[in-house]
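Asker: Sharing target.cif (mmCIF, C-alpha atoms) below.
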```cif
data_structure
loop_
_atom_site.label_atom_id
_atom_site.label_comp_id
_atom_site.auth_asym_id
_atom_site.auth_seq_id
_atom_site.Cartn_x
_atom_site.Cartn_y
_atom_site.Cartn_z
CA MET A 175 -103.63 59.28 -216.77
CA THR A 176 -100.29 58.42 -215.26
CA ALA A 177 -99.75 57.60 -211.56
CA PRO A 178 -97.65 60.08 -209.59
CA ALA A 179 -94.07 59.03 -209.00
CA PRO A 180 -93.47 57.66 -205.45
CA HIS A 181 -91.79 60.12 -203.10
CA HIS A 182 -88.89 58.63 -201.10
CA ALA A 183 -88.01 60.49 -197.90
CA PRO A 184 -84.25 60.92 -197.44
CA ALA A 185 -82.76 58.35 -195.09
CA PRO A 186 -81.73 59.84 -191.71
CA GLN A 187 -78.00 60.18 -191.29
CA ALA A 188 -76.35 58.07 -188.60
CA TYR A 189 -75.16 59.96 -185.52
CA VAL A 190 -71.47 60.71 -185.57
CA SER A 191 -69.90 61.48 -182.21
CA PRO A 192 -67.66 64.53 -182.17
CA ILE A 193 -65.40 62.61 -179.79
CA PRO A 194 -62.81 60.51 -181.65
CA VAL A 195 -63.51 56.82 -181.11
CA ARG A 196 -60.56 54.48 -180.85
CA ALA A 197 -59.85 51.05 -179.45
CA ALA A 198 -58.89 50.95 -175.78
CA HIS A 199 -55.42 49.73 -174.89
CA LEU A 200 -53.28 48.97 -171.85
CA GLY A 201 -52.47 52.65 -171.34
CA ASP A 202 -56.15 53.40 -170.73
CA ALA A 203 -56.35 50.60 -168.17
CA LEU A 204 -53.20 51.90 -166.46
CA ALA A 205 -54.68 55.41 -166.26
CA SER A 206 -57.88 54.00 -164.79
CA GLU A 207 -56.11 51.89 -162.17
CA TRP A 208 -53.81 54.77 -161.23
CA THR A 209 -56.83 57.01 -160.68
CA LYS A 210 -58.44 54.40 -158.45
CA ILE A 211 -55.40 53.53 -156.35
CA ARG A 212 -54.46 57.16 -155.64
CA SER A 213 -58.00 58.25 -154.80
CA VAL A 214 -58.86 55.69 -152.09
CA ARG A 215 -57.99 56.24 -148.43
CA SER A 216 -56.60 52.73 -147.91
CA THR A 217 -53.62 53.59 -150.12
CA MET A 218 -52.73 56.67 -148.08
CA TRP A 219 -53.12 54.87 -144.75
CA THR A 220 -51.29 51.64 -145.59
CA LEU A 221 -48.37 53.33 -147.36
CA GLY A 222 -48.21 56.07 -144.71
CA VAL A 223 -47.96 53.50 -141.91
CA MET A 224 -45.41 51.54 -143.94
CA ILE A 225 -43.20 54.62 -144.25
CA LEU A 226 -43.48 55.41 -140.54
CA LEU A 227 -42.61 51.85 -139.53
CA MET A 228 -39.60 51.60 -141.83
CA ILE A 229 -38.18 54.96 -140.79
CA GLY A 230 -39.08 54.83 -137.10
CA ILE A 231 -38.00 51.28 -136.36
CA GLY A 232 -35.00 51.28 -138.71
CA ILE A 233 -33.49 54.47 -137.34
CA GLY A 234 -34.60 53.71 -133.77
CA VAL A 235 -32.78 50.36 -133.74
CA ALA A 236 -29.69 51.97 -135.27
CA ALA A 237 -29.74 54.66 -132.57
CA ILE A 238 -29.87 52.00 -129.84
CA ALA A 239 -26.96 50.13 -131.45
CA ALA A 240 -24.94 53.35 -131.76
CA ALA A 241 -25.52 54.20 -128.09
CA SER A 242 -24.59 50.71 -126.85
CA GLU A 243 -21.02 50.93 -128.24
CA ALA A 244 -21.07 47.13 -128.66
CA PRO A 245 -18.60 45.83 -131.29
CA MET A 246 -20.21 45.04 -134.66
CA GLY A 247 -17.35 42.89 -135.94
CA GLU A 248 -17.47 42.51 -139.72
CA GLU A 249 -21.20 43.23 -139.93
CA SER A 250 -22.45 46.38 -141.59
CA ALA A 251 -25.19 48.59 -140.18
CA LEU A 252 -27.49 47.81 -143.11
CA GLY A 253 -28.80 44.73 -141.30
CA PHE A 254 -30.86 46.93 -138.98
CA GLY A 255 -33.17 47.72 -141.90
CA PHE A 256 -34.79 44.28 -141.50
CA PHE A 257 -36.52 45.34 -138.27
CA GLY A 258 -38.56 47.96 -140.12
CA MET A 259 -39.10 45.88 -143.24
CA LEU A 260 -40.86 43.02 -141.42
CA PRO A 261 -43.78 45.05 -139.94
CA ALA A 262 -43.94 47.17 -143.11
CA SER A 263 -44.63 44.01 -145.10
CA ILE A 264 -48.00 43.67 -143.31
CA CYS A 265 -49.01 47.09 -144.69
CA VAL A 266 -47.97 46.06 -148.21
CA ILE A 267 -49.86 42.78 -147.91
CA THR A 268 -53.00 44.64 -146.85
CA LEU A 269 -52.78 47.12 -149.72
CA GLY A 270 -52.09 44.36 -152.25
CA VAL A 271 -55.21 42.46 -151.20
CA LEU A 272 -57.40 45.57 -151.08
CA THR A 273 -56.32 46.65 -154.58
CA ILE A 274 -58.64 44.06 -156.08
CA ALA A 275 -60.57 42.33 -153.26
CA SER A 276 -62.23 45.58 -152.16
CA GLU A 277 -63.76 45.89 -155.64
CA TYR A 278 -65.42 42.52 -155.13
CA GLY A 279 -66.77 43.70 -151.77
CA THR A 280 -68.28 46.91 -153.14
CA GLY A 281 -69.38 45.53 -156.52
CA MET A 282 -67.05 47.94 -158.32
CA ILE A 283 -65.50 44.97 -160.12
CA ARG A 284 -68.63 44.79 -162.34
CA THR A 285 -68.12 48.38 -163.46
CA THR A 286 -64.42 47.76 -164.02
CA LEU A 287 -65.00 44.69 -166.19
CA THR A 288 -67.81 46.41 -168.10
CA ALA A 289 -65.56 49.34 -168.95
CA CYS A 290 -62.66 47.00 -169.80
CA PRO A 291 -63.90 43.55 -170.86
CA SER A 292 -60.36 42.22 -171.23
CA ARG A 293 -59.82 40.72 -167.78
CA ALA A 294 -56.17 39.97 -168.42
CA ARG A 295 -55.64 43.65 -169.23
CA VAL A 296 -57.36 44.71 -165.99
CA LEU A 297 -55.24 42.44 -163.81
CA THR A 298 -52.05 43.37 -165.67
CA ALA A 299 -52.76 47.08 -165.24
CA LYS A 300 -53.46 46.64 -161.52
CA ALA A 301 -50.21 44.69 -161.07
CA ILE A 302 -48.08 47.24 -162.96
CA VAL A 303 -49.52 50.26 -161.13
CA PHE A 304 -49.26 48.58 -157.73
CA PHE A 305 -45.70 47.32 -158.23
CA LEU A 306 -44.34 50.64 -159.50
CA LEU A 307 -46.02 52.61 -156.71
CA VAL A 308 -44.84 50.38 -153.85
CA PHE A 309 -41.38 49.79 -155.33
CA SER A 310 -40.74 53.52 -155.86
CA ILE A 311 -41.78 54.52 -152.34
CA ALA A 312 -40.00 51.58 -150.69
CA LEU A 313 -36.80 52.27 -152.66
CA VAL A 314 -36.68 55.88 -151.47
CA ILE A 315 -37.35 54.89 -147.85
CA THR A 316 -34.88 51.99 -147.76
CA GLY A 317 -32.23 54.27 -149.26
CA LEU A 318 -32.81 56.98 -146.67
CA VAL A 319 -32.89 54.51 -143.78
CA ALA A 320 -29.77 52.69 -144.99
CA ALA A 321 -27.82 55.95 -145.33
CA ALA A 322 -28.90 57.01 -141.82
CA GLN A 323 -27.94 53.65 -140.33
CA VAL A 324 -24.48 53.65 -141.91
CA GLY A 325 -23.92 57.22 -140.73
CA MET A 326 -25.02 56.53 -137.15
CA VAL A 327 -23.46 53.15 -136.34
CA ASP A 328 -19.72 52.50 -136.15
CA ALA A 329 -19.59 49.28 -138.21
CA ALA A 330 -17.96 47.78 -141.30
CA GLU A 331 -18.35 49.72 -144.53
CA PRO A 332 -20.97 47.94 -146.72
CA THR A 333 -20.03 46.79 -150.20
CA ALA A 334 -21.87 47.85 -153.37
CA GLY A 335 -23.63 44.48 -153.47
CA GLU A 336 -24.84 44.89 -149.87
CA TRP A 337 -26.13 48.39 -150.69
CA LEU A 338 -28.07 47.06 -153.70
CA ARG A 339 -29.66 44.17 -151.77
CA ALA A 340 -30.60 46.36 -148.79
CA THR A 341 -32.25 49.02 -150.98
CA VAL A 342 -33.24 47.76 -154.46
CA GLY A 343 -33.57 44.13 -153.32
CA ALA A 344 -35.62 44.97 -150.20
CA ALA A 345 -37.92 47.33 -152.15
CA ALA A 346 -38.44 44.74 -154.90
CA TYR A 347 -39.13 42.03 -152.31
CA LEU A 348 -41.78 44.17 -150.61
CA ALA A 349 -43.47 45.07 -153.91
CA THR A 350 -43.42 41.42 -155.06
CA LEU A 351 -44.90 40.31 -151.74
CA GLY A 352 -47.72 42.80 -152.42
CA LEU A 353 -48.23 41.31 -155.88
CA LEU A 354 -48.54 37.85 -154.32
CA SER A 355 -51.18 39.29 -151.99
CA MET A 356 -53.04 40.73 -155.00
CA ALA A 357 -53.05 37.30 -156.66
CA ILE A 358 -54.40 35.67 -153.48
CA GLY A 359 -57.04 38.41 -153.25
CA THR A 360 -58.09 37.66 -156.85
CA LEU A 361 -58.42 33.97 -156.07
CA ILE A 362 -60.30 34.35 -152.77
CA ARG A 363 -62.31 37.52 -153.65
CA HIS A 364 -62.64 38.43 -149.97
CA SER A 365 -60.48 41.08 -148.27
CA ALA A 366 -60.44 39.68 -144.72
CA GLY A 367 -59.92 36.11 -145.88
CA ALA A 368 -57.06 36.98 -148.24
CA ILE A 369 -55.30 39.16 -145.63
CA THR A 370 -55.59 36.34 -143.08
CA VAL A 371 -54.09 33.86 -145.54
CA MET A 372 -51.17 36.17 -146.34
CA ILE A 373 -50.38 36.99 -142.70
CA GLY A 374 -50.49 33.25 -142.00
CA LEU A 375 -47.98 32.65 -144.82
CA LEU A 376 -45.80 35.44 -143.43
CA LEU A 377 -45.65 34.42 -139.78
CA LEU A 378 -46.98 30.88 -139.26
CA PRO A 379 -44.01 28.87 -140.64
CA LEU A 380 -41.52 30.73 -138.44
CA VAL A 381 -43.72 30.57 -135.32
CA ALA A 382 -44.51 26.88 -135.84
CA ALA A 383 -40.83 26.02 -136.31
CA MET A 384 -39.92 27.69 -133.01
CA PHE A 385 -42.08 25.17 -131.10
CA MET A 386 -41.05 21.99 -132.91
CA PHE A 387 -38.92 20.51 -130.14
CA SER A 388 -39.21 16.86 -131.21
CA GLU A 389 -36.18 15.30 -132.88
CA ALA A 390 -38.52 13.63 -135.36
CA LEU A 391 -39.46 17.06 -136.67
CA THR A 392 -35.90 18.37 -137.04
CA SER A 393 -35.92 18.34 -140.85
CA VAL A 394 -39.31 20.09 -140.96
CA ARG A 395 -38.16 22.69 -138.42
CA GLU A 396 -34.99 23.46 -140.38
CA PHE A 397 -36.92 23.75 -143.66
CA LEU A 398 -39.47 26.15 -142.15
CA LEU A 399 -36.77 28.24 -140.47
CA THR A 400 -34.78 28.48 -143.70
CA TYR A 401 -37.61 29.26 -146.10
CA ALA A 402 -39.95 31.34 -143.89
CA ILE A 403 -40.54 34.78 -145.36
CA PRO A 404 -38.86 36.65 -142.44
CA SER A 405 -35.77 34.45 -142.86
CA GLN A 406 -35.69 35.25 -146.57
CA MET A 407 -35.86 38.96 -145.75
CA ILE A 408 -32.85 38.64 -143.43
CA VAL A 409 -30.82 37.13 -146.29
CA LEU A 410 -31.18 40.39 -148.25
CA TYR A 411 -29.34 42.18 -145.43
CA SER A 412 -26.72 39.53 -144.71
CA THR A 413 -23.88 37.80 -146.52
CA HIS A 414 -24.80 34.40 -145.05
CA PRO A 415 -28.06 32.48 -144.54
CA PRO A 416 -29.45 33.17 -141.04
CA PHE A 417 -29.78 29.49 -140.03
CA GLY A 418 -26.68 27.52 -140.98
CA ASP A 419 -24.80 27.46 -144.26
CA ASP A 420 -27.61 25.83 -146.24
CA GLY A 421 -30.39 27.82 -147.79
CA PRO A 422 -30.78 30.73 -150.21
CA SER A 423 -28.25 33.55 -150.18
CA GLY A 424 -27.69 36.80 -152.04
CA TRP A 425 -30.57 37.60 -154.42
CA GLU A 426 -32.03 34.07 -154.34
CA PRO A 427 -34.89 34.93 -151.90
CA LEU A 428 -36.19 37.51 -154.38
CA PHE A 429 -36.03 35.01 -157.26
CA ILE A 430 -37.90 32.41 -155.17
CA LEU A 431 -40.65 34.90 -154.33
CA LEU A 432 -40.88 35.97 -157.99
CA GLY A 433 -41.40 32.34 -159.02
CA ILE A 434 -44.12 31.78 -156.41
CA THR A 435 -45.82 35.05 -157.38
CA ALA A 436 -45.74 34.16 -161.09
CA ALA A 437 -47.44 30.83 -160.34
CA ALA A 438 -50.06 32.55 -158.17
CA PHE A 439 -50.73 35.12 -160.90
CA ALA A 440 -51.17 32.36 -163.48
CA GLY A 441 -53.89 30.91 -161.25
CA ALA A 442 -55.40 34.37 -160.72
CA PHE A 443 -55.54 35.01 -164.50
CA GLY A 444 -57.22 31.65 -165.05
CA ALA A 445 -59.75 32.17 -162.25
CA LEU A 446 -60.61 35.71 -163.37
CA ASN A 447 -61.23 34.53 -166.95
CA SER A 448 -63.27 31.47 -166.00
CA ARG A 449 -65.53 33.00 -163.37
CA ASP A 450 -68.61 35.13 -163.94
CA VAL A 451 -67.25 38.13 -161.90
#
```
Taking this structure as input, can you express it in the form of structure tokens?

Answerer:
Amino acid sequence: MTAPAPHHAPAPQAYVSPIPVRAAHLGDALASEWTKIRSVRSTMWTLGVMILLMIGIGIGVAAIAAASEAPMGEESALGFGFFGMLPASICVITLGVLTIASEYGTGMIRTTLTACPSRARVLTAKAIVFFLLVFSIALVITGLVAAAQVGMVDAAEPTAGEWLRATVGAAAYLATLGLLSMAIGTLIRHSAGAITVMIGLLLLPLVAAMFMFSEALTSVREFLLTYAIPSQMIVLYSTHPPFGDDGPSGWEPLFILLGITAAAFAGAFGALNSRDV
């Protein structure tokens, strides 16, 4: 009598998803960050207020100058754009911080890093989306305001270089200032704290320098006046440094801010990779 041959049940087939599976890349992270930044109310409010401030103050100051009939000398009317750019920078700083610090406050950062474990890719995608959004809007607004100012005020005709600095340069400076805020938000991980630090960097050096009356502090006062962020913004609208002949001129303020922002982002990348969330 022979034993019956063993019966082997067929092995179950592995599940195959009908959805094509592929490795995620930077484009997926960009799409994700774009969806987040355009769907939150803080983006609409901060950029909406920024637009109102730049248009309202820029054109309002130009209208006052046009009505005064005071001689402008060799100055162009583009310089009036600074008065709207300074308060608008506070809106950009706020949005830059909230772009990442709000995710720490709500716990959304855990979901983000679970969906995209590459932390460098997450921060890069946030930076690219934020910069392109702010730069595009600011470029359109600075161009409209500059054209209105030149048309309203009887002043010297601006050169091509002055047009570029007052539009492309100002928009790039605002967007880079927002990137610096994002880096500080990544390092501090707290919205209110990071916004406070950035507003302090924006205003404190200039305010402190205004009250340094002692002769012993002359060199410190001149340094703070020259390199304060508002003074650097003025340079983009002027052919000469605002406080004396020394100090950055032309496009140099933008290059200085780019260097500081690159250093801050290097620290932000290192902190994001070394911390547990």

Asker: Using all atoms listed in the file, find the one residue out of A:Thr288, A:Thr333, A:Ser263, A:Gln323 that sits nearest to Pro404 (chain A).

Answerer: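 Closest candidate: A:Ser263.
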
Asker: Ranking A:Leu431, A:Ala442, A:Leu221, A:Leu338 by minimum distance to Leu351 (chain A) and counting all atoms listed in the file, which one comes first?

Answerer: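 Closest residue, counting all atoms listed in the file: A:Leu431.
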
Asker: Give me, as CSV, the closest atom pair and its distance (Å, one decimal) for every residue of region 295-372 of chain A within a cut-off of 7 Å of region 238-259 of chain A, counting all atoms listed in the file, rows sorted by chain and rising number.

Answerer:
```
residue,atom,partner,partner_atom,distance
A:Ala320,CA,A:Leu252,CA,5.7
A:Gln323,CA,A:Ala251,CA,5.8
A:Val324,CA,A:Ala251,CA,5.4
A:Met326,CA,A:Ala240,CA,6.3
A:Val327,CA,A:Ala240,CA,4.8
A:Asp328,CA,A:Ala240,CA,6.9
A:Ala329,CA,A:Ser250,CA,5.3
A:Ala330,CA,A:Ser250,CA,4.7
A:Glu331,CA,A:Ser250,CA,6.1
A:Pro332,CA,A:Ser250,CA,5.6
A:Ala340,CA,A:Leu252,CA,6.6
```

Asker: Go ahead and find all residues with at least one atom no further than 10 Å from (-57.0, 47.2, -154.4) in the file's coordinates, using all atoms listed in the file; report them as a list in words.

Answerer: Glu207, Lys210, Ile211, Val214, Ser216, Thr217, Thr268, Leu269, Gly270, Val271, Leu272, Thr273, Ile274, Ala275, Ser276, Glu277, Tyr278, Lys300, Ala301, Phe304, Met356, Gly359, Thr360 and Ser365 of chain A

Asker: Atoms to include: C-alpha atoms. Write the selected residues as a CSV table (one decimal), keeping the file's coordinate frame.

Answerer:
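As written to disk, out.csv reads:
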```
chain,number,residue,atom,x,y,z
A,207,GLU,CA,-56.1,51.9,-162.2
A,210,LYS,CA,-58.4,54.4,-158.4
A,211,ILE,CA,-55.4,53.5,-156.4
A,214,VAL,CA,-58.9,55.7,-152.1
A,216,SER,CA,-56.6,52.7,-147.9
A,217,THR,CA,-53.6,53.6,-150.1
A,268,THR,CA,-53.0,44.6,-146.8
A,269,LEU,CA,-52.8,47.1,-149.7
A,270,GLY,CA,-52.1,44.4,-152.2
A,271,VAL,CA,-55.2,42.5,-151.2
A,272,LEU,CA,-57.4,45.6,-151.1
A,273,THR,CA,-56.3,46.6,-154.6
A,274,ILE,CA,-58.6,44.1,-156.1
A,275,ALA,CA,-60.6,42.3,-153.3
A,276,SER,CA,-62.2,45.6,-152.2
A,277,GLU,CA,-63.8,45.9,-155.6
A,278,TYR,CA,-65.4,42.5,-155.1
A,300,LYS,CA,-53.5,46.6,-161.5
A,301,ALA,CA,-50.2,44.7,-161.1
A,304,PHE,CA,-49.3,48.6,-157.7
A,356,MET,CA,-53.0,40.7,-155.0
A,359,GLY,CA,-57.0,38.4,-153.2
A,360,THR,CA,-58.1,37.7,-156.8
A,365,SER,CA,-60.5,41.1,-148.3
```

Asker: So what does the PyMOL selection byres ((chain A and resi 231) around 10) actually pick up in this one, as a list of chain:residue names?

Answerer: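 That expression, the PyMOL selection byres ((chain A and resi 231) around 10), corresponds here to A:Leu226, A:Leu227, A:Met228, A:Ile229, A:Gly230, A:Gly232, A:Ile233, A:Gly234, A:Val235, A:Ala236, A:Ala237, A:Phe254, A:Gly255, A:Phe256, A:Phe257, A:Gly258, A:Met259, A:Pro261, A:Ala262, A:Val319.
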
Asker: Calculate how many Å separate CA of Ser310 (chain A) from CA of Tyr347 (chain A), rounding to one decimal.

Answerer: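 Taking CA of Ser310 (chain A) and CA of Tyr347 (chain A), their separation equals 12.1 Å.
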
Asker: Using the chain letters and numbers from the file, give me the residues hit by the PyMOL selection byres ((chain A and resi 436) around 12), as a list of chain:residue names.

Answerer: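 Selection result, ordered by chain and number: A:Ala301, A:Thr350, A:Leu351, A:Leu353, A:Leu354, A:Ser355, A:Met356, A:Ala357, A:Ile358, A:Phe429, A:Ile430, A:Leu431, A:Leu432, A:Gly433, A:Ile434, A:Thr435, A:Ala437, A:Ala438, A:Phe439, A:Ala440, A:Gly441, A:Ala442, A:Phe443.
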
Asker: Could you spell out the hits of the PyMOL selection byres ((chain A and resi 407) around 8) on the shown file, as a ChimeraX atom specification?

Answerer: /A:256,260,344,347,403-406,408-411,427
